[in-house]
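First comes the structure, then the notes that go with it.
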Amino acid sequence: MRSVAREAGVSVATVSNALNNPDRVAAETLTRVREVIDRVGFIRNNAARSLVTRRSEGLGLIVPDLENSLFIDMARGAQASGRDLDLTLLIANSGYSLDSAREDPEHPDQQDQFLDYFAEARVRGLLLSPMRDPRAGMGRIREHIVPLVVLNWDDPDPDWCTVVMDNEQVGRLAIEHLASTGIRRVYFVCPDAELQPLVDRRRGVHAAAETLGVTVIDVPTADLWSLDGRTAADPIVENWRPDDGQFAILGATDAVALGVLEALRSRPHIRVPTDIAVMGMDDNHHADHSDWITLTSFDFPGFQMGEQAIRLLAEELAAPPGTHMHQRVVLPVEVHPRASTGPVRG
């Protein structure tokens, strides 16, 4: 900064203002300082700056799977809203899977590793979309990062703001849609895991089935990937007969359901959806771009979840100490019918 100030013929304080408070610098001086900055290749040391200001202009976002469109949309929404506040979004992918949920002291959970990293970096705020109970990890860093906003995980007594969609409603709407096409038997392909979004979807599936007179057969899988869906579907369709009557295979995620479609595609004697309908339960953008048959699934408010999380974070940042009231925002979901379930019956 001293070198820039010397070449531009201004004080170090003026260079600092040009970087941090440009509205305080005359236009001609600001242009001259920026030209020198570009010429000498000066890049501000934000780590050093954070030591002085005791804050960063970065926001941390931890998501479990950046291959899933829901979390990509969350990041896009958060990034767009954060930009309006001159805050930079730093994204970490915890790479969550059911295997990673099993405790292994030699390989600590990446979700907790990223929580610690962002706490050490003293980010301005943190957004977390967990796939397991985050309270232990969040509690450990609570004194170092404020505010915190949790997405897609509903805590009964949170010490932070929450943005969620109703996963139980996802389960209910899935069965209601399948029932509206005339289906009365559904194979529900879902890991037998105590992950909150899956538990809620399973609860909604069975509640709606009981109300509508639909038979649901639970088919557990090892995980939530396409291969798991195909592996689960193979024994269901292997002994299919034309007189079995129409039924549906409902995947707990679109990846699982796309795996089911792969199993059916290799059996051209089975018609989709006339013989077997298929449906997913999240918002994977690949579901609408199949070169064979498009997958019925949901429209999830991922982008809006990211936007709302930044709004809550900004409100907490602006609130005087001790005055902020945590909020719980619930966003709606909708079924997106496509070719894999066929038309709704009148």
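Naming scheme: A, B, ... for chains in displayed order of the structure tokens; residues 1 onward per chain; ligands 1 onward as shown.
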Which of segment 122-285 of chain A DSSP labels helix (DSSP H, G or I), written as a PyMOL selection string: chain A and resi 135-141+167-180+196-212+226-238+242-244+254-265+285
Close residues, Glu120 of chain A itself excluded, 10 Å, only C-alpha atoms, min 3 positions apart in chain, as a list in words: Phe114, Leu115, Asp116, Tyr117, Val123, Ile141, His144 and Ile145 of chain A
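Among the candidates A:Glu28, A:Asp154, A:Asp65, A:Asp192, the residue lying nearest to Thr221 of chain A is A:Asp192 (atoms considered: only C-alpha atoms).
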Exercise: segment 300-313 of chain A partners within 7 Å, only C-alpha atoms, chain neighbours under 6 positions left out, as an mmCIF file with C-alpha atoms, in the first residue's frame:
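So part_26.cif came out as:
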```cif
data_model
loop_
_atom_site.group_PDB
_atom_site.id
_atom_site.type_symbol
_atom_site.label_atom_id
_atom_site.label_comp_id
_atom_site.auth_asym_id
_atom_site.auth_seq_id
_atom_site.Cartn_x
_atom_site.Cartn_y
_atom_site.Cartn_z
ATOM 1 C CA LEU A 70 -30.919 -28.628 -5.111
ATOM 2 C CA PHE A 71 -27.635 -27.627 -3.488
ATOM 3 C CA ASP A 73 -29.494 -23.848 -6.695
ATOM 4 C CA MET A 74 -29.019 -23.006 -3.011
ATOM 5 C CA ALA A 75 -25.502 -21.810 -3.782
ATOM 6 C CA ARG A 76 -26.697 -19.773 -6.762
ATOM 7 C CA GLY A 77 -29.410 -18.066 -4.708
ATOM 8 C CA ALA A 78 -27.043 -17.325 -1.838
ATOM 9 C CA SER A 81 -28.109 -12.228 -2.780
ATOM 10 C CA GLY A 82 -24.706 -12.060 -1.098
ATOM 11 C CA GLY A 125 -21.549 -15.671 8.516
ATOM 12 C CA PRO A 147 -24.820 -15.515 12.382
ATOM 13 C CA VAL A 149 -28.343 -20.197 9.105
ATOM 14 C CA CYS A 161 -32.341 -19.235 11.797
ATOM 15 C CA VAL A 163 -34.822 -22.255 5.982
ATOM 16 C CA ASP A 282 -36.037 -34.168 -5.492
ATOM 17 C CA ASP A 283 -35.198 -31.542 -8.090
ATOM 18 C CA LEU A 331 -40.940 -22.759 1.428
ATOM 19 C CA VAL A 333 -42.770 -27.565 -3.078
#
```
Test item: residues at most 12 Å from Arg39 of chain A, only C-alpha atoms, excluding those fewer than 6 positions along its chain, as number ranges by chain: A: 3-4, 7-8, 32-33
Which neighbours of segment 172-188 of chain A fall inside 9 Å, counting only C-alpha atoms, when residues of the same chain fewer than 2 positions from it are skipped, and could you give them as a compact mmCIF listing (two decimals) with N, CA and C atoms, in the first residue's frame?
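And here is the file that came out, selection_22.txt:
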```txt
# COMPACT_ATOMS: atom_id res chain seq x y z
N ASN A 167 -40.40 -31.69 3.88
CA ASN A 167 -40.13 -32.99 3.26
C ASN A 167 -41.24 -34.00 3.50
N GLU A 168 -41.98 -33.84 4.58
CA GLU A 168 -43.15 -34.72 4.77
C GLU A 168 -44.19 -34.43 3.70
N GLN A 169 -44.33 -33.15 3.33
CA GLN A 169 -45.23 -32.79 2.24
C GLN A 169 -44.75 -33.40 0.92
N VAL A 170 -43.45 -33.48 0.73
CA VAL A 170 -42.91 -34.11 -0.48
C VAL A 170 -43.43 -35.54 -0.60
N CYS A 190 -35.86 -46.55 -0.85
CA CYS A 190 -35.28 -45.54 0.03
C CYS A 190 -34.36 -46.22 1.04
N ARG A 201 -39.80 -37.74 4.46
CA ARG A 201 -40.43 -38.18 3.22
C ARG A 201 -41.13 -39.52 3.41
N ARG A 202 -40.47 -40.43 4.12
CA ARG A 202 -41.08 -41.74 4.38
C ARG A 202 -42.38 -41.59 5.16
N ARG A 203 -42.37 -40.71 6.16
CA ARG A 203 -43.58 -40.49 6.96
C ARG A 203 -44.70 -39.95 6.10
N GLY A 204 -44.39 -39.00 5.21
CA GLY A 204 -45.41 -38.46 4.33
C GLY A 204 -45.95 -39.48 3.35
N VAL A 205 -45.07 -40.33 2.82
CA VAL A 205 -45.49 -41.39 1.89
C VAL A 205 -46.51 -42.30 2.55
N HIS A 206 -46.20 -42.78 3.74
CA HIS A 206 -47.09 -43.74 4.40
C HIS A 206 -48.38 -43.08 4.90
N ALA A 207 -48.31 -41.84 5.33
CA ALA A 207 -49.52 -41.16 5.79
C ALA A 207 -50.49 -40.97 4.63
N ALA A 208 -49.98 -40.50 3.48
CA ALA A 208 -50.86 -40.30 2.33
C ALA A 208 -51.38 -41.63 1.79
N ALA A 209 -50.55 -42.68 1.81
CA ALA A 209 -50.98 -43.99 1.31
C ALA A 209 -52.13 -44.53 2.14
N LEU A 212 -55.32 -42.61 1.22
CA LEU A 212 -55.81 -42.79 -0.14
C LEU A 212 -56.01 -44.25 -0.53
N GLY A 213 -55.71 -45.17 0.38
CA GLY A 213 -55.88 -46.58 0.07
C GLY A 213 -54.85 -47.12 -0.89
N VAL A 214 -53.62 -46.59 -0.82
CA VAL A 214 -52.53 -47.06 -1.68
C VAL A 214 -51.63 -47.99 -0.87
N THR A 215 -51.26 -49.12 -1.44
CA THR A 215 -50.34 -50.05 -0.79
C THR A 215 -48.91 -49.63 -1.08
N VAL A 216 -48.11 -49.46 -0.03
CA VAL A 216 -46.71 -49.08 -0.18
C VAL A 216 -45.83 -50.22 0.31
N ILE A 217 -44.90 -50.64 -0.53
CA ILE A 217 -43.91 -51.67 -0.16
C ILE A 217 -42.55 -50.98 -0.06
N ASP A 218 -41.97 -50.97 1.13
CA ASP A 218 -40.65 -50.35 1.33
C ASP A 218 -39.55 -51.25 0.77
N VAL A 219 -38.68 -50.66 -0.03
CA VAL A 219 -37.54 -51.37 -0.61
C VAL A 219 -36.27 -50.64 -0.17
N PRO A 220 -35.56 -51.14 0.85
CA PRO A 220 -34.36 -50.44 1.33
C PRO A 220 -33.21 -50.55 0.34
N ILE A 236 -37.50 -56.36 -8.59
CA ILE A 236 -38.92 -56.01 -8.70
C ILE A 236 -39.44 -56.31 -10.09
N GLN A 246 -50.85 -52.30 -13.27
CA GLN A 246 -49.93 -51.18 -13.21
C GLN A 246 -49.53 -50.87 -11.76
N PHE A 247 -48.26 -50.58 -11.56
CA PHE A 247 -47.79 -50.11 -10.26
C PHE A 247 -46.70 -49.08 -10.49
N ALA A 248 -46.20 -48.49 -9.41
CA ALA A 248 -45.18 -47.44 -9.52
C ALA A 248 -43.98 -47.79 -8.65
N ILE A 249 -42.83 -47.30 -9.08
CA ILE A 249 -41.62 -47.35 -8.26
C ILE A 249 -41.23 -45.91 -7.95
N LEU A 250 -41.22 -45.58 -6.68
CA LEU A 250 -40.95 -44.22 -6.21
C LEU A 250 -39.57 -44.17 -5.58
N GLY A 251 -38.67 -43.38 -6.16
CA GLY A 251 -37.31 -43.24 -5.62
C GLY A 251 -37.24 -42.11 -4.62
N ALA A 252 -36.51 -42.33 -3.53
CA ALA A 252 -36.37 -41.29 -2.50
C ALA A 252 -35.64 -40.06 -3.03
N ALA A 277 -44.96 -47.16 -13.61
CA ALA A 277 -44.65 -45.73 -13.55
C ALA A 277 -43.45 -45.52 -12.62
N MET A 279 -41.18 -42.40 -10.41
CA MET A 279 -41.17 -41.03 -9.93
C MET A 279 -40.00 -40.81 -8.98
N GLY A 280 -39.41 -39.62 -9.04
CA GLY A 280 -38.35 -39.23 -8.10
C GLY A 280 -38.87 -38.25 -7.08
N MET A 281 -37.99 -37.86 -6.14
CA MET A 281 -38.46 -37.02 -5.04
C MET A 281 -37.49 -35.88 -4.71
N SER A 297 -40.95 -35.59 -11.11
CA SER A 297 -40.31 -35.32 -9.83
C SER A 297 -40.93 -34.07 -9.23
N PHE A 298 -40.11 -33.21 -8.63
CA PHE A 298 -40.59 -32.02 -7.93
C PHE A 298 -39.87 -30.78 -8.42
N VAL A 333 -43.26 -26.70 -2.00
CA VAL A 333 -42.77 -27.56 -3.08
C VAL A 333 -43.94 -27.93 -3.99
N GLU A 334 -43.65 -28.30 -5.22
CA GLU A 334 -44.68 -28.69 -6.17
C GLU A 334 -44.22 -29.91 -6.97
N VAL A 335 -45.18 -30.78 -7.28
CA VAL A 335 -44.89 -31.90 -8.19
C VAL A 335 -44.70 -31.36 -9.60
N PRO A 337 -44.97 -33.00 -13.04
CA PRO A 337 -45.29 -34.21 -13.81
C PRO A 337 -44.53 -34.24 -15.13
N THR A 341 -44.80 -40.88 -15.44
CA THR A 341 -45.99 -41.30 -14.67
C THR A 341 -47.28 -41.20 -15.47
N GLY A 342 -47.25 -40.57 -16.64
CA GLY A 342 -48.44 -40.53 -17.47
C GLY A 342 -49.45 -39.51 -17.00
N PRO A 343 -50.60 -39.43 -17.70
CA PRO A 343 -51.59 -38.40 -17.41
C PRO A 343 -52.39 -38.67 -16.15
N VAL A 344 -52.83 -37.58 -15.54
CA VAL A 344 -53.73 -37.68 -14.38
C VAL A 344 -55.11 -38.07 -14.88
N ARG A 345 -55.77 -38.95 -14.16
CA ARG A 345 -57.13 -39.39 -14.55
C ARG A 345 -58.16 -38.46 -13.94
N GLY A 346 -59.19 -38.22 -14.70
CA GLY A 346 -60.25 -37.34 -14.21
C GLY A 346 -61.04 -37.96 -13.11
```
